[in-house]
>>> print(open('model_5.pdb').read())   # PDB, N, CA and C atoms
ATOM      1  N   MET A 748      28.972 -29.178 -21.541
ATOM      2  CA  MET A 748      28.681 -28.356 -22.685
ATOM      3  C   MET A 748      29.279 -26.978 -22.445
ATOM      4  N   MET A 749      29.995 -26.479 -23.419
ATOM      5  CA  MET A 749      30.652 -25.183 -23.283
ATOM      6  C   MET A 749      29.880 -24.145 -24.091
ATOM      7  N   PHE A 750      29.833 -22.954 -23.558
ATOM      8  CA  PHE A 750      29.186 -21.856 -24.240
ATOM      9  C   PHE A 750      30.262 -20.900 -24.726
ATOM     10  N   PRO A 751      30.508 -20.867 -26.033
ATOM     11  CA  PRO A 751      31.585 -20.013 -26.549
ATOM     12  C   PRO A 751      31.260 -18.529 -26.428
ATOM     13  N   MET A 752      32.313 -17.739 -26.289
ATOM     14  CA  MET A 752      32.177 -16.292 -26.228
ATOM     15  C   MET A 752      32.909 -15.707 -27.430
ATOM     16  N   ARG A 753      32.245 -14.836 -28.151
ATOM     17  CA  ARG A 753      32.893 -14.174 -29.285
ATOM     18  C   ARG A 753      33.635 -12.965 -28.771
ATOM     19  N   THR A 754      34.836 -12.784 -29.280
ATOM     20  CA  THR A 754      35.630 -11.618 -28.911
ATOM     21  C   THR A 754      36.569 -11.270 -30.057
ATOM     22  N   THR A 755      37.110 -10.090 -30.008
ATOM     23  CA  THR A 755      38.071  -9.658 -31.023
ATOM     24  C   THR A 755      39.446  -9.604 -30.381
ATOM     25  N   LEU A 756      40.399 -10.257 -31.019
ATOM     26  CA  LEU A 756      41.788 -10.262 -30.535
ATOM     27  C   LEU A 756      42.680  -9.580 -31.552
ATOM     28  N   THR A 757      43.680  -8.896 -31.050
ATOM     29  CA  THR A 757      44.708  -8.353 -31.938
ATOM     30  C   THR A 757      45.944  -9.221 -31.739
ATOM     31  N   ILE A 758      46.261  -9.985 -32.777
ATOM     32  CA  ILE A 758      47.374 -10.936 -32.714
ATOM     33  C   ILE A 758      48.509 -10.382 -33.564
ATOM     34  N   ASP A 759      49.703 -10.446 -33.037
ATOM     35  CA  ASP A 759      50.871 -10.007 -33.808
ATOM     36  C   ASP A 759      50.952 -10.795 -35.109
ATOM     37  N   ASP A 760      51.477 -10.137 -36.157
ATOM     38  CA  ASP A 760      51.529 -10.752 -37.482
ATOM     39  C   ASP A 760      52.283 -12.073 -37.497
ATOM     40  N   ASP A 761      53.411 -12.142 -36.767
ATOM     41  CA  ASP A 761      54.203 -13.382 -36.778
ATOM     42  C   ASP A 761      53.427 -14.526 -36.119
ATOM     43  N   LEU A 762      52.697 -14.240 -35.026
ATOM     44  CA  LEU A 762      51.900 -15.288 -34.368
ATOM     45  C   LEU A 762      50.716 -15.701 -35.235
ATOM     46  N   ALA A 763      50.098 -14.735 -35.890
ATOM     47  CA  ALA A 763      48.970 -15.053 -36.768
ATOM     48  C   ALA A 763      49.416 -15.967 -37.901
ATOM     49  N   ALA A 764      50.591 -15.694 -38.455
ATOM     50  CA  ALA A 764      51.119 -16.539 -39.540
ATOM     51  C   ALA A 764      51.372 -17.955 -39.042
ATOM     52  N   LEU A 765      51.944 -18.083 -37.824
ATOM     53  CA  LEU A 765      52.188 -19.418 -37.253
ATOM     54  C   LEU A 765      50.873 -20.163 -37.014
ATOM     55  N   LEU A 766      49.881 -19.470 -36.483
ATOM     56  CA  LEU A 766      48.587 -20.102 -36.217
ATOM     57  C   LEU A 766      47.889 -20.528 -37.506
ATOM     58  N   LYS A 767      47.962 -19.683 -38.536
ATOM     59  CA  LYS A 767      47.351 -20.027 -39.825
ATOM     60  C   LYS A 767      48.036 -21.237 -40.453
ATOM     61  N   ARG A 768      49.366 -21.254 -40.371
ATOM     62  CA  ARG A 768      50.105 -22.388 -40.924
ATOM     63  C   ARG A 768      49.742 -23.665 -40.182
ATOM     64  N   ARG A 769      49.650 -23.570 -38.870
ATOM     65  CA  ARG A 769      49.297 -24.744 -38.048
ATOM     66  C   ARG A 769      47.876 -25.217 -38.383
ATOM     67  N   ALA A 770      46.961 -24.282 -38.604
ATOM     68  CA  ALA A 770      45.586 -24.638 -38.965
ATOM     69  C   ALA A 770      45.549 -25.381 -40.296
ATOM     70  N   ARG A 771      46.350 -24.919 -41.266
ATOM     71  CA  ARG A 771      46.418 -25.613 -42.556
ATOM     72  C   ARG A 771      46.991 -27.012 -42.391
ATOM     73  N   GLU A 772      48.048 -27.144 -41.581
ATOM     74  CA  GLU A 772      48.679 -28.449 -41.364
ATOM     75  C   GLU A 772      47.708 -29.441 -40.731
ATOM     76  N   LEU A 773      46.954 -28.980 -39.750
ATOM     77  CA  LEU A 773      46.030 -29.864 -39.041
ATOM     78  C   LEU A 773      44.676 -30.002 -39.732
ATOM     79  N   GLY A 774      44.416 -29.100 -40.673
ATOM     80  CA  GLY A 774      43.118 -29.138 -41.351
ATOM     81  C   GLY A 774      41.980 -28.721 -40.433
ATOM     82  N   LEU A 775      42.285 -27.802 -39.522
ATOM     83  CA  LEU A 775      41.293 -27.327 -38.559
ATOM     84  C   LEU A 775      41.001 -25.849 -38.793
ATOM     85  N   PRO A 776      39.862 -25.393 -38.309
ATOM     86  CA  PRO A 776      39.586 -23.955 -38.395
ATOM     87  C   PRO A 776      40.552 -23.160 -37.526
ATOM     88  N   PHE A 777      40.788 -21.922 -37.936
ATOM     89  CA  PHE A 777      41.715 -21.043 -37.236
ATOM     90  C   PHE A 777      41.355 -20.910 -35.763
ATOM     91  N   LYS A 778      40.050 -20.725 -35.459
ATOM     92  CA  LYS A 778      39.634 -20.525 -34.071
ATOM     93  C   LYS A 778      39.938 -21.747 -33.211
ATOM     94  N   ASP A 779      39.824 -22.954 -33.781
ATOM     95  CA  ASP A 779      40.144 -24.165 -33.011
ATOM     96  C   ASP A 779      41.633 -24.218 -32.664
ATOM     97  N   VAL A 780      42.465 -23.829 -33.617
ATOM     98  CA  VAL A 780      43.910 -23.833 -33.372
ATOM     99  C   VAL A 780      44.264 -22.786 -32.309
ATOM    100  N   VAL A 781      43.627 -21.619 -32.362
ATOM    101  CA  VAL A 781      43.875 -20.589 -31.347
ATOM    102  C   VAL A 781      43.466 -21.119 -29.980
ATOM    103  N   ASN A 782      42.295 -21.724 -29.868
ATOM    104  CA  ASN A 782      41.841 -22.268 -28.582
ATOM    105  C   ASN A 782      42.763 -23.360 -28.062
ATOM    106  N   ARG A 783      43.165 -24.268 -28.949
ATOM    107  CA  ARG A 783      44.092 -25.340 -28.522
ATOM    108  C   ARG A 783      45.416 -24.762 -28.022
ATOM    109  N   THR A 784      45.916 -23.769 -28.741
ATOM    110  CA  THR A 784      47.194 -23.161 -28.364
ATOM    111  C   THR A 784      47.087 -22.466 -27.013
ATOM    112  N   LEU A 785      45.994 -21.750 -26.803
ATOM    113  CA  LEU A 785      45.795 -21.097 -25.513
ATOM    114  C   LEU A 785      45.676 -22.113 -24.382
ATOM    115  N   ARG A 786      44.946 -23.196 -24.617
ATOM    116  CA  ARG A 786      44.822 -24.238 -23.584
ATOM    117  C   ARG A 786      46.172 -24.860 -23.263
ATOM    118  N   ALA A 787      46.955 -25.105 -24.304
ATOM    119  CA  ALA A 787      48.286 -25.689 -24.081
ATOM    120  C   ALA A 787      49.146 -24.728 -23.269
ATOM    121  N   GLY A 788      49.019 -23.431 -23.524
ATOM    122  CA  GLY A 788      49.791 -22.436 -22.797
ATOM    123  C   GLY A 788      49.367 -22.331 -21.335
ATOM    124  N   PHE A 789      48.113 -22.506 -21.063
ATOM    125  CA  PHE A 789      47.626 -22.427 -19.687
ATOM    126  C   PHE A 789      47.772 -23.739 -18.934
ATOM    127  N   GLY A 790      47.950 -24.824 -19.651
ATOM    128  CA  GLY A 790      48.139 -26.122 -19.002
ATOM    129  C   GLY A 790      46.864 -26.637 -18.354
ATOM    130  N   GLU A 791      46.978 -27.145 -17.141
ATOM    131  CA  GLU A 791      45.863 -27.760 -16.421
ATOM    132  C   GLU A 791      44.726 -26.772 -16.164
ATOM    133  N   GLN A 792      45.049 -25.520 -15.991
ATOM    134  CA  GLN A 792      44.023 -24.522 -15.677
ATOM    135  C   GLN A 792      42.981 -24.383 -16.789
ATOM    136  N   ALA A 793      43.382 -24.646 -18.009
ATOM    137  CA  ALA A 793      42.502 -24.379 -19.148
ATOM    138  C   ALA A 793      41.790 -25.611 -19.675
ATOM    139  N   LYS A 794      41.792 -26.718 -18.924
ATOM    140  CA  LYS A 794      41.071 -27.900 -19.409
ATOM    141  C   LYS A 794      39.588 -27.567 -19.495
ATOM    142  N   PRO A 795      38.968 -27.943 -20.595
ATOM    143  CA  PRO A 795      37.547 -27.617 -20.746
ATOM    144  C   PRO A 795      36.696 -28.298 -19.674
ATOM    145  N   ARG A 796      35.823 -27.514 -19.066
ATOM    146  CA  ARG A 796      34.913 -28.065 -18.071
ATOM    147  C   ARG A 796      33.678 -28.570 -18.778
ATOM    148  N   HIS A 797      33.240 -29.721 -18.385
ATOM    149  CA  HIS A 797      32.023 -30.285 -18.977
ATOM    150  C   HIS A 797      30.851 -29.913 -18.089
ATOM    151  N   ARG A 798      29.951 -29.166 -18.661
ATOM    152  CA  ARG A 798      28.764 -28.744 -17.933
ATOM    153  C   ARG A 798      27.622 -29.682 -18.277
ATOM    154  N   THR A 799      26.722 -29.807 -17.356
ATOM    155  CA  THR A 799      25.557 -30.643 -17.638
ATOM    156  C   THR A 799      24.679 -29.930 -18.656
ATOM    157  N   ALA A 800      24.070 -30.710 -19.489
ATOM    158  CA  ALA A 800      23.196 -30.145 -20.520
ATOM    159  C   ALA A 800      21.969 -29.511 -19.858
ATOM    160  N   LEU A 801      21.530 -28.411 -20.433
ATOM    161  CA  LEU A 801      20.338 -27.759 -19.919
ATOM    162  C   LEU A 801      19.121 -28.629 -20.180
ATOM    163  N   LYS A 802      18.204 -28.623 -19.233
ATOM    164  CA  LYS A 802      17.006 -29.430 -19.364
ATOM    165  C   LYS A 802      15.816 -28.513 -19.591
ATOM    166  N   THR A 803      15.048 -28.806 -20.608
ATOM    167  CA  THR A 803      13.847 -28.044 -20.901
ATOM    168  C   THR A 803      12.658 -28.749 -20.286
ATOM    169  N   ILE A 804      11.916 -28.003 -19.484
ATOM    170  CA  ILE A 804      10.737 -28.576 -18.846
ATOM    171  C   ILE A 804       9.510 -28.061 -19.588
ATOM    172  N   PRO A 805       8.783 -28.946 -20.254
ATOM    173  CA  PRO A 805       7.616 -28.492 -21.010
ATOM    174  C   PRO A 805       6.479 -28.087 -20.075
ATOM    175  N   HIS A 806       5.653 -27.174 -20.548
ATOM    176  CA  HIS A 806       4.511 -26.715 -19.772
ATOM    177  C   HIS A 806       3.324 -26.538 -20.701
ATOM    178  N   ALA A 807       2.179 -27.050 -20.287
ATOM    179  CA  ALA A 807       0.959 -26.878 -21.082
ATOM    180  C   ALA A 807       0.314 -25.546 -20.703
ATOM    181  N   PHE A 808       0.169 -24.651 -21.664
ATOM    182  CA  PHE A 808      -0.401 -23.346 -21.399
ATOM    183  C   PHE A 808      -1.917 -23.327 -21.536
ATOM    184  N   GLY A 809      -2.484 -24.410 -22.037
ATOM    185  CA  GLY A 809      -3.934 -24.490 -22.140
ATOM    186  C   GLY A 809      -4.516 -23.790 -23.352
ATOM    187  N   PHE A 810      -3.720 -23.545 -24.386
ATOM    188  CA  PHE A 810      -4.242 -22.930 -25.601
ATOM    189  C   PHE A 810      -5.044 -23.951 -26.385
ATOM    190  N   ARG A 811      -6.066 -23.457 -27.051
ATOM    191  CA  ARG A 811      -6.883 -24.350 -27.863
ATOM    192  C   ARG A 811      -6.099 -24.816 -29.091
ATOM    193  N   PRO A 812      -6.428 -25.994 -29.623
ATOM    194  CA  PRO A 812      -5.761 -26.468 -30.835
ATOM    195  C   PRO A 812      -5.975 -25.477 -31.977
ATOM    196  N   GLY A 813      -4.961 -25.305 -32.785
ATOM    197  CA  GLY A 813      -5.040 -24.386 -33.916
ATOM    198  C   GLY A 813      -4.432 -23.028 -33.630
ATOM    199  N   ILE A 814      -4.117 -22.733 -32.360
ATOM    200  CA  ILE A 814      -3.478 -21.460 -32.012
ATOM    201  C   ILE A 814      -1.975 -21.659 -32.192
ATOM    202  N   ASP A 815      -1.394 -20.880 -33.100
ATOM    203  CA  ASP A 815       0.042 -20.972 -33.355
ATOM    204  C   ASP A 815       0.761 -20.109 -32.319
ATOM    205  N   LEU A 816       1.490 -20.742 -31.409
ATOM    206  CA  LEU A 816       2.160 -20.024 -30.330
ATOM    207  C   LEU A 816       3.216 -19.070 -30.856
ATOM    208  N   GLY A 817       3.725 -19.321 -32.045
ATOM    209  CA  GLY A 817       4.712 -18.432 -32.645
ATOM    210  C   GLY A 817       4.109 -17.141 -33.160
ATOM    211  N   LYS A 818       2.778 -17.079 -33.228
ATOM    212  CA  LYS A 818       2.120 -15.892 -33.772
ATOM    213  C   LYS A 818       1.218 -15.221 -32.737
ATOM    214  N   LEU A 819       1.573 -15.333 -31.471
ATOM    215  CA  LEU A 819       0.750 -14.731 -30.426
ATOM    216  C   LEU A 819       0.716 -13.208 -30.541
ATOM    217  N   ASN A 820       1.823 -12.596 -30.920
ATOM    218  CA  ASN A 820       1.836 -11.139 -31.088
ATOM    219  C   ASN A 820       0.872 -10.711 -32.191
ATOM    220  N   GLN A 821       0.811 -11.494 -33.254
ATOM    221  CA  GLN A 821      -0.110 -11.184 -34.339
ATOM    222  C   GLN A 821      -1.550 -11.283 -33.838
ATOM    223  N   LEU A 822      -1.830 -12.293 -33.019
ATOM    224  CA  LEU A 822      -3.166 -12.461 -32.465
ATOM    225  C   LEU A 822      -3.539 -11.266 -31.587
ATOM    226  N   VAL A 823      -2.611 -10.822 -30.756
ATOM    227  CA  VAL A 823      -2.860  -9.659 -29.900
ATOM    228  C   VAL A 823      -3.132  -8.429 -30.753
ATOM    229  N   ASP A 824      -2.339  -8.224 -31.818
ATOM    230  CA  ASP A 824      -2.552  -7.085 -32.713
ATOM    231  C   ASP A 824      -3.944  -7.123 -33.341
ATOM    232  N   GLU A 825      -4.366  -8.317 -33.776
ATOM    233  CA  GLU A 825      -5.679  -8.439 -34.405
ATOM    234  C   GLU A 825      -6.800  -8.142 -33.404
ATOM    235  N   LEU A 826      -6.644  -8.626 -32.176
ATOM    236  CA  LEU A 826      -7.653  -8.367 -31.156
ATOM    237  C   LEU A 826      -7.713  -6.884 -30.797
ATOM    238  N   GLU A 827      -6.554  -6.234 -30.717
ATOM    239  CA  GLU A 827      -6.529  -4.800 -30.423
ATOM    240  C   GLU A 827      -7.159  -4.006 -31.565
ATOM    241  N   ALA A 828      -6.873  -4.387 -32.809
ATOM    242  CA  ALA A 828      -7.441  -3.695 -33.962
ATOM    243  C   ALA A 828      -8.958  -3.851 -33.978
ATOM    244  N   GLU A 829      -9.416  -5.046 -33.642
ATOM    245  CA  GLU A 829     -10.856  -5.298 -33.606
ATOM    246  C   GLU A 829     -11.518  -4.454 -32.518
ATOM    247  N   ALA A 830     -10.914  -4.393 -31.345
ATOM    248  CA  ALA A 830     -11.460  -3.591 -30.251
ATOM    249  C   ALA A 830     -11.453  -2.111 -30.622
ATOM    250  N   TYR A 831     -10.427  -1.655 -31.298
ATOM    251  CA  TYR A 831     -10.331  -0.258 -31.722
ATOM    252  C   TYR A 831     -11.431   0.060 -32.737
ATOM    253  N   ALA A 832     -11.633  -0.886 -33.676
ATOM    254  CA  ALA A 832     -12.667  -0.673 -34.698
ATOM    255  C   ALA A 832     -14.042  -0.602 -34.049
ATOM    256  N   VAL A 833     -14.324  -1.426 -33.079
ATOM    257  CA  VAL A 833     -15.607  -1.395 -32.384
ATOM    258  C   VAL A 833     -15.757  -0.056 -31.664
ATOM    259  N   GLY A 834     -14.687   0.422 -31.037
ATOM    260  CA  GLY A 834     -14.722   1.713 -30.355
ATOM    261  C   GLY A 834     -14.952   2.855 -31.321
ATOM    262  N   GLN A 835     -14.364   2.805 -32.504
ATOM    263  CA  GLN A 835     -14.536   3.848 -33.513
ATOM    264  C   GLN A 835     -15.973   3.856 -34.030
ATOM    265  N   ARG A 836     -16.526   2.668 -34.220
ATOM    266  CA  ARG A 836     -17.882   2.563 -34.719
ATOM    267  C   ARG A 836     -18.861   3.157 -33.707
ATOM    268  N   SER A 837     -18.697   2.828 -32.451
ATOM    269  CA  SER A 837     -19.616   3.357 -31.449
ATOM    270  C   SER A 837     -19.421   4.860 -31.301
ATOM    271  N   GLY A 838     -18.203   5.352 -31.445
ATOM    272  CA  GLY A 838     -17.946   6.782 -31.399
ATOM    273  C   GLY A 838     -18.602   7.505 -32.560
ATOM    274  N   ALA A 839     -18.559   6.897 -33.754
ATOM    275  CA  ALA A 839     -19.171   7.495 -34.940
ATOM    276  C   ALA A 839     -20.684   7.545 -34.776
ATOM    277  N   GLU A 840     -21.262   6.507 -34.182
ATOM    278  CA  GLU A 840     -22.703   6.487 -33.958
ATOM    279  C   GLU A 840     -23.100   7.580 -32.973
ATOM    280  N   LEU A 841     -22.253   7.802 -31.973
ATOM    281  CA  LEU A 841     -22.545   8.863 -31.011
ATOM    282  C   LEU A 841     -22.507  10.225 -31.681
ATOM    283  N   ARG A 842     -21.534  10.466 -32.534
ATOM    284  CA  ARG A 842     -21.427  11.736 -33.232
ATOM    285  C   ARG A 842     -22.616  11.947 -34.175
ATOM    286  N   LYS A 843     -23.069  10.855 -34.793
ATOM    287  CA  LYS A 843     -24.199  10.933 -35.709
ATOM    288  C   LYS A 843     -25.455  11.365 -34.949
ATOM    289  N   ASP A 844     -25.635  10.866 -33.750
ATOM    290  CA  ASP A 844     -26.811  11.201 -32.961
ATOM    291  C   ASP A 844     -26.809  12.658 -32.521
ATOM    292  N   THR A 845     -25.667  13.253 -32.342
ATOM    293  CA  THR A 845     -25.605  14.622 -31.847
ATOM    294  C   THR A 845     -25.613  15.647 -32.969
ATOM    295  N   ARG A 846     -25.510  15.224 -34.233
ATOM    296  CA  ARG A 846     -25.559  16.143 -35.363
ATOM    297  C   ARG A 846     -26.964  16.711 -35.551
ATOM    298  N   HIS A 847     -27.011  17.762 -36.313
ATOM    299  CA  HIS A 847     -28.302  18.382 -36.616
ATOM    300  C   HIS A 847     -29.134  17.448 -37.471
ATOM    301  N   ASP A 848     -30.370  17.250 -37.116
ATOM    302  CA  ASP A 848     -31.269  16.341 -37.825
ATOM    303  C   ASP A 848     -31.825  17.059 -39.057
ATOM    304  N   PRO A 849     -31.552  16.573 -40.297
ATOM    305  CA  PRO A 849     -32.027  17.256 -41.501
ATOM    306  C   PRO A 849     -33.547  17.273 -41.602
ATOM    307  N   ALA A 850     -34.234  16.291 -41.059
ATOM    308  CA  ALA A 850     -35.699  16.267 -41.125
ATOM    309  C   ALA A 850     -36.273  17.423 -40.317
ATOM    310  N   ARG A 851     -35.600  17.877 -39.355
ATOM    311  CA  ARG A 851     -36.049  18.948 -38.499
ATOM    312  C   ARG A 851     -36.069  20.281 -39.248
ATOM    313  N   ARG A 852     -35.195  20.450 -40.212
ATOM    314  CA  ARG A 852     -35.110  21.701 -40.969
ATOM    315  C   ARG A 852     -36.326  21.899 -41.868
ATOM    316  N   GLN A 853     -37.032  20.846 -42.174
ATOM    317  CA  GLN A 853     -38.143  20.963 -43.106
ATOM    318  C   GLN A 853     -39.366  21.624 -42.458
ATOM    319  N   ARG A 854     -39.419  21.740 -41.195
ATOM    320  CA  ARG A 854     -40.542  22.389 -40.540
ATOM    321  C   ARG A 854     -40.506  23.889 -40.830
ATOM    322  N   PRO A 855     -41.644  24.471 -41.012
ATOM    323  CA  PRO A 855     -41.666  25.894 -41.293
ATOM    324  C   PRO A 855     -41.207  26.709 -40.096
ATOM    325  N   ARG A 856     -40.443  27.722 -40.366
ATOM    326  CA  ARG A 856     -39.956  28.603 -39.300
ATOM    327  C   ARG A 856     -40.840  29.837 -39.254
ATOM    328  N   SER A 857     -40.931  30.355 -38.095
ATOM    329  CA  SER A 857     -41.698  31.604 -37.987
ATOM    330  C   SER A 857     -40.801  32.765 -38.378
ATOM    331  N   ARG A 858     -41.341  33.740 -39.072
ATOM    332  CA  ARG A 858     -40.536  34.874 -39.521
ATOM    333  C   ARG A 858     -40.912  36.123 -38.734
ATOM    334  N   ALA A 859     -40.831  36.060 -37.522
ATOM    335  CA  ALA A 859     -41.245  37.208 -36.715
ATOM    336  C   ALA A 859     -40.167  38.213 -36.544
TER     337      ALA A 859
END
>>> encode(input="model_5.pdb", output="structure tokens")
Amino acid sequence: MMFPMRTTLTIDDDLAALLKRRARELGLPFKDVVNRTLRAGFGEQAKPRHRTALKTIPHAFGFRPGIDLGKLNQLVDELEAEAYAVGQRSGAELRKDTRHDPARRQRPRSRA
């Protein structure tokens, strides 16, 4: 299996015209004709090497059914938002406790 590399080439106009004409004659894409021509120019050195196909080894991560592995980032965001909301709520309760108690103001003050 070959892994193609994208690159930009500057080809002289006369060579580009020859390659385009050859592509039309053979009914092949331009890039295939360029690759074939380069291989022919390099001879034996440029024969395509056949690589072994990559093997994927599956692994069970132990997630419960119903957890979409493609949306793990969304799950993390939701858990962080929930934790933040709980922290904000407890912070608000703390601030409420430290505020001045309105019932306390109703007691008569001494005017000395």
>>> atom_distance(input="model_5.pdb", atom1="atom C of Asp779 of chain A", atom2="atom C of Leu766 of chain A")
8.7 Å
>>> atom_distance(input="model_5.pdb", atom1="atom N of Arg798 of chain A", atom2="atom CA of Gly774 of chain A")
26.2 Å
>>> atom_distance(input="model_5.pdb", atom1="atom N of Asp815 of chain A", atom2="atom C of Tyr831 of chain A")
23.2 Å
>>> select_by_dssp(input="model_5.pdb", residues="segment 749-842 of chain A", states="alpha helix (DSSP H)", output="ChimeraX atom specification")
/A:760-773,777-789,819-842
>>> axis_aligned_box(input="model_5.pdb", around="segment 809-816 of chain A", padding_each_side="5 Å", output="AutoDock Vina command-line options")
--center_x -1.8 --center_y -22.8 --center_z -28.0 --size_x 20.1 --size_y 17.4 --size_z 21.9
>>> decode(input="model_5.pdb", residues="segment 751-766 of chain A", atoms="N, CA and C atoms", output="mmCIF file, in the first residue's frame")
data_model
loop_
_atom_site.group_PDB
_atom_site.id
_atom_site.type_symbol
_atom_site.label_atom_id
_atom_site.label_comp_id
_atom_site.auth_asym_id
_atom_site.auth_seq_id
_atom_site.Cartn_x
_atom_site.Cartn_y
_atom_site.Cartn_z
ATOM 1 N N PRO A 751 0.341 8.361 -0.781
ATOM 2 C CA PRO A 751 0.712 9.470 -1.670
ATOM 3 C C PRO A 751 1.068 10.737 -0.902
ATOM 4 N N MET A 752 1.941 11.526 -1.507
ATOM 5 C CA MET A 752 2.334 12.806 -0.937
ATOM 6 C C MET A 752 1.896 13.898 -1.905
ATOM 7 N N ARG A 753 1.221 14.898 -1.389
ATOM 8 C CA ARG A 753 0.816 16.024 -2.233
ATOM 9 C C ARG A 753 1.956 17.012 -2.288
ATOM 10 N N THR A 754 2.203 17.519 -3.478
ATOM 11 C CA THR A 754 3.239 18.531 -3.653
ATOM 12 C C THR A 754 2.882 19.410 -4.843
ATOM 13 N N THR A 755 3.533 20.531 -4.935
ATOM 14 C CA THR A 755 3.319 21.437 -6.063
ATOM 15 C C THR A 755 4.554 21.395 -6.945
ATOM 16 N N LEU A 756 4.333 21.164 -8.226
ATOM 17 C CA LEU A 756 5.430 21.133 -9.205
ATOM 18 C C LEU A 756 5.250 22.260 -10.201
ATOM 19 N N THR A 757 6.361 22.804 -10.637
ATOM 20 C CA THR A 757 6.315 23.770 -11.735
ATOM 21 C C THR A 757 6.857 23.046 -12.961
ATOM 22 N N ILE A 758 5.956 22.796 -13.903
ATOM 23 C CA ILE A 758 6.300 22.036 -15.107
ATOM 24 C C ILE A 758 6.343 23.008 -16.277
ATOM 25 N N ASP A 759 7.360 22.884 -17.089
ATOM 26 C CA ASP A 759 7.451 23.725 -18.286
ATOM 27 C C ASP A 759 6.208 23.528 -19.147
ATOM 28 N N ASP A 760 5.811 24.603 -19.850
ATOM 29 C CA ASP A 760 4.584 24.570 -20.645
ATOM 30 C C ASP A 760 4.578 23.460 -21.686
ATOM 31 N N ASP A 761 5.725 23.243 -22.355
ATOM 32 C CA ASP A 761 5.764 22.210 -23.402
ATOM 33 C C ASP A 761 5.579 20.816 -22.796
ATOM 34 N N LEU A 762 6.179 20.561 -21.619
ATOM 35 C CA LEU A 762 6.011 19.252 -20.967
ATOM 36 C C LEU A 762 4.587 19.077 -20.450
ATOM 37 N N ALA A 763 4.017 20.143 -19.918
ATOM 38 C CA ALA A 763 2.639 20.065 -19.425
ATOM 39 C C ALA A 763 1.684 19.730 -20.563
ATOM 40 N N ALA A 764 1.907 20.336 -21.722
ATOM 41 C CA ALA A 764 1.052 20.055 -22.888
ATOM 42 C C ALA A 764 1.182 18.598 -23.309
ATOM 43 N N LEU A 765 2.426 18.069 -23.313
ATOM 44 C CA LEU A 765 2.634 16.656 -23.671
ATOM 45 C C LEU A 765 1.947 15.728 -22.666
ATOM 46 N N LEU A 766 2.073 16.033 -21.387
ATOM 47 C CA LEU A 766 1.454 15.200 -20.355
ATOM 48 C C LEU A 766 -0.071 15.236 -20.438
#
